[in-house]
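One structure is given below, encoded as structure tokens.
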Amino acid sequence: MHIGELARRTGVSARALRHYEQAGLIASVRAANGYRVYEEVAVARVWNIRYLLDAGFTLDDVSPFRDCLDGDVSAVPPSARALEIARERLAVIDARIAAQTAARDRLAKALAARSS
């Protein structure tokens with residue numbers, strides 16, 4: 001399938017697909033006319049890449065998951081490096097939640113003081 005079809009089927013822009021390819025996460029071959037052509041497995045790969053990105057991973061973080069991107073990424077036992085990255089990302093998300101909660105509490109306290 002061409003890049004436009006892969007983009008349509010996955011809901012990911014052609015620009016993002018080219019970026020995923022540059023990162024080595026998906027692959028294509030070039031047709032005689034120079035267009036990228038992807039195999040059917042690219043659909044699952046892109047969905048899994050999006051799943052991981054939506055979970056807070058970066059594209060660099062996704063690389064250690066490369067071996068399990070063709071199937072159900074959440075059901076495949078991750079590598080030790082992938083687990084390490086997941087723990088690091090969770091710590092980053094927890095820190096952001098704590099910072100946002102503290103900011104929210106400060107704002108609520110300031111508004112409560114003004115409302116009294």
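FYI, nothing fancy with the structure tokens labels: chains A, B, ... in order, residues from 1 per chain, ligands from 1 as they appear.
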>> as a PyMOL selection string, please: every residue in stretch 15-109 of chain A that a backbone DSSP assignment puts in helix (DSSP H, G or I).
In response: chain A and resi 15-22+41-54+59-68+80-109
With stretch 16-25 of chain A as the partner and 10 Å as the cut-off, tabulate the residues of stretch 30-110 of chain A that qualify, each row holding the nearest pair of atoms and their distance in Å to one decimal, using only C-alpha atoms, sorted by chain and rising number, as JSON lines.
{"residue": "A:Arg36", "atom": "CA", "partner": "A:Arg18", "partner_atom": "CA", "distance": 9.4}
{"residue": "A:Ala42", "atom": "CA", "partner": "A:Leu25", "partner_atom": "CA", "distance": 9.4}
{"residue": "A:Arg45", "atom": "CA", "partner": "A:Leu25", "partner_atom": "CA", "distance": 7.8}
{"residue": "A:Val46", "atom": "CA", "partner": "A:Leu17", "partner_atom": "CA", "distance": 8.0}
{"residue": "A:Ile49", "atom": "CA", "partner": "A:Leu25", "partner_atom": "CA", "distance": 8.1}
{"residue": "A:Leu59", "atom": "CA", "partner": "A:Ala23", "partner_atom": "CA", "distance": 7.3}
{"residue": "A:Asp60", "atom": "CA", "partner": "A:Ala23", "partner_atom": "CA", "distance": 7.8}
{"residue": "A:Val62", "atom": "CA", "partner": "A:Leu25", "partner_atom": "CA", "distance": 8.0}
{"residue": "A:Ser63", "atom": "CA", "partner": "A:Leu25", "partner_atom": "CA", "distance": 6.9}
{"residue": "A:Phe65", "atom": "CA", "partner": "A:Leu25", "partner_atom": "CA", "distance": 9.4}
{"residue": "A:Arg66", "atom": "CA", "partner": "A:Leu25", "partner_atom": "CA", "distance": 6.7}
{"residue": "A:Asp67", "atom": "CA", "partner": "A:Leu25", "partner_atom": "CA", "distance": 9.9}
{"residue": "A:Leu69", "atom": "CA", "partner": "A:Leu25", "partner_atom": "CA", "distance": 8.6}
Those same residues - N, CA, C and O atoms - I'd like them written as a CSV table (one decimal), in the first residue's frame.
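Now in out01.csv:
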chain,number,residue,atom,x,y,z
A,36,ARG,N,6.7,5.3,-1.9
A,36,ARG,CA,6.9,4.3,-0.9
A,36,ARG,C,5.8,3.3,-1.0
A,36,ARG,O,4.6,3.6,-1.1
A,42,ALA,N,2.5,-3.2,8.3
A,42,ALA,CA,2.8,-1.8,8.7
A,42,ALA,C,1.6,-1.2,9.4
A,42,ALA,O,1.8,-0.3,10.3
A,45,ARG,N,2.0,-2.2,13.0
A,45,ARG,CA,3.2,-1.6,13.5
A,45,ARG,C,2.8,-0.1,13.9
A,45,ARG,O,3.2,0.4,15.0
A,46,VAL,N,2.2,0.6,13.0
A,46,VAL,CA,1.9,2.0,13.3
A,46,VAL,C,0.9,2.1,14.4
A,46,VAL,O,1.1,3.0,15.3
A,49,ILE,N,3.0,1.6,17.5
A,49,ILE,CA,3.8,2.8,17.7
A,49,ILE,C,2.9,3.9,18.4
A,49,ILE,O,3.4,4.5,19.4
A,59,LEU,N,9.8,8.4,20.4
A,59,LEU,CA,10.1,7.5,19.4
A,59,LEU,C,11.4,6.7,19.7
A,59,LEU,O,11.5,5.5,19.4
A,60,ASP,N,12.4,7.4,20.3
A,60,ASP,CA,13.6,6.6,20.7
A,60,ASP,C,13.2,5.5,21.7
A,60,ASP,O,13.8,4.5,21.7
A,62,VAL,N,10.6,3.8,21.8
A,62,VAL,CA,9.9,2.7,21.1
A,62,VAL,C,10.8,1.7,20.5
A,62,VAL,O,10.5,0.5,20.4
A,63,SER,N,12.0,2.1,20.2
A,63,SER,CA,13.0,1.2,19.5
A,63,SER,C,13.2,-0.2,20.2
A,63,SER,O,13.1,-1.2,19.5
A,65,PHE,N,11.1,-1.9,21.7
A,65,PHE,CA,9.9,-2.7,21.5
A,65,PHE,C,9.7,-3.2,20.1
A,65,PHE,O,8.8,-3.8,19.7
A,66,ARG,N,10.7,-2.9,19.2
A,66,ARG,CA,10.6,-3.2,17.8
A,66,ARG,C,10.2,-4.6,17.5
A,66,ARG,O,9.5,-4.9,16.6
A,67,ASP,N,10.8,-5.6,18.3
A,67,ASP,CA,10.5,-7.0,18.1
A,67,ASP,C,9.0,-7.4,18.3
A,67,ASP,O,8.6,-8.4,17.9
A,69,LEU,N,6.3,-5.1,17.8
A,69,LEU,CA,5.4,-4.2,17.2
A,69,LEU,C,4.4,-4.8,16.1
A,69,LEU,O,3.5,-4.1,15.8
> Nearest to A:Arg50 among A:Val37, A:Asp72, A:Ile26, A:Val12, with distances taken over only C-alpha atoms: which residue is it?
Replying inline: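 Closest candidate: A:Val12.
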> Neighbours of A:Arg30 within 12 Å (only C-alpha atoms; same-chain residues fewer than 5 positions away dropped), as a list in words?
Replying inline: Met1, His2, Ile3, Tyr35, Arg36, Val37, Tyr38 and Glu39 of chain A
> Got a sec: who's within 9 Å of A:Thr10, counting only C-alpha atoms, leaving out chain neighbours fewer than 2 positions off, as a list in words?
Replying inline: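 Answer for this query is Glu5, Leu6, Ala7, Arg8, Val12, Ser13, Val43, Ala44, Val46 and Trp47 of chain A.
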Now that the selection is made, can you save its residues with C-alpha atoms as a compact mmCIF listing (two decimals), in the first residue's frame?
# COMPACT_ATOMS: atom_id res chain seq x y z
CA GLU A 5 -3.42 4.49 2.23
CA LEU A 6 -1.38 3.66 5.33
CA ALA A 7 -2.06 7.14 6.66
CA ARG A 8 -5.79 6.77 6.01
CA VAL A 12 -1.46 8.97 11.23
CA SER A 13 -0.18 11.68 8.90
CA VAL A 43 -0.77 -1.10 9.83
CA ALA A 44 -0.30 -3.04 13.08
CA VAL A 46 1.85 1.99 13.25
CA TRP A 47 -1.04 1.28 15.65
>> Using only C-alpha atoms for the distances, tell me which of A:Leu53, A:Ala102, A:Leu107, A:Ala75 is nearest to A:Arg89.
In response: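 Comparing A:Leu53, A:Ala102, A:Leu107, A:Ala75 against A:Arg89, the winner is A:Leu53.
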> Between A:Val76, A:Tyr51, A:Ala99, A:Arg81, which one has atoms that come closest to A:Pro64, using only C-alpha atoms?
Replying inline: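 Comparing A:Val76, A:Tyr51, A:Ala99, A:Arg81 against A:Pro64, the winner is A:Arg81.
Residue-level DSSP output for chain A, from the backbone, shows strand (DSSP E or B) at His2, Val29, Arg30, Arg36 and Val37 of chain A.
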> Between A:Ala98, A:Ala27, A:Ala14, A:Ile85, which is the closest to A:Phe57 once you count only C-alpha atoms?
Replying inline: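 Ranked by minimum distance to A:Phe57, first place goes to A:Ile85.
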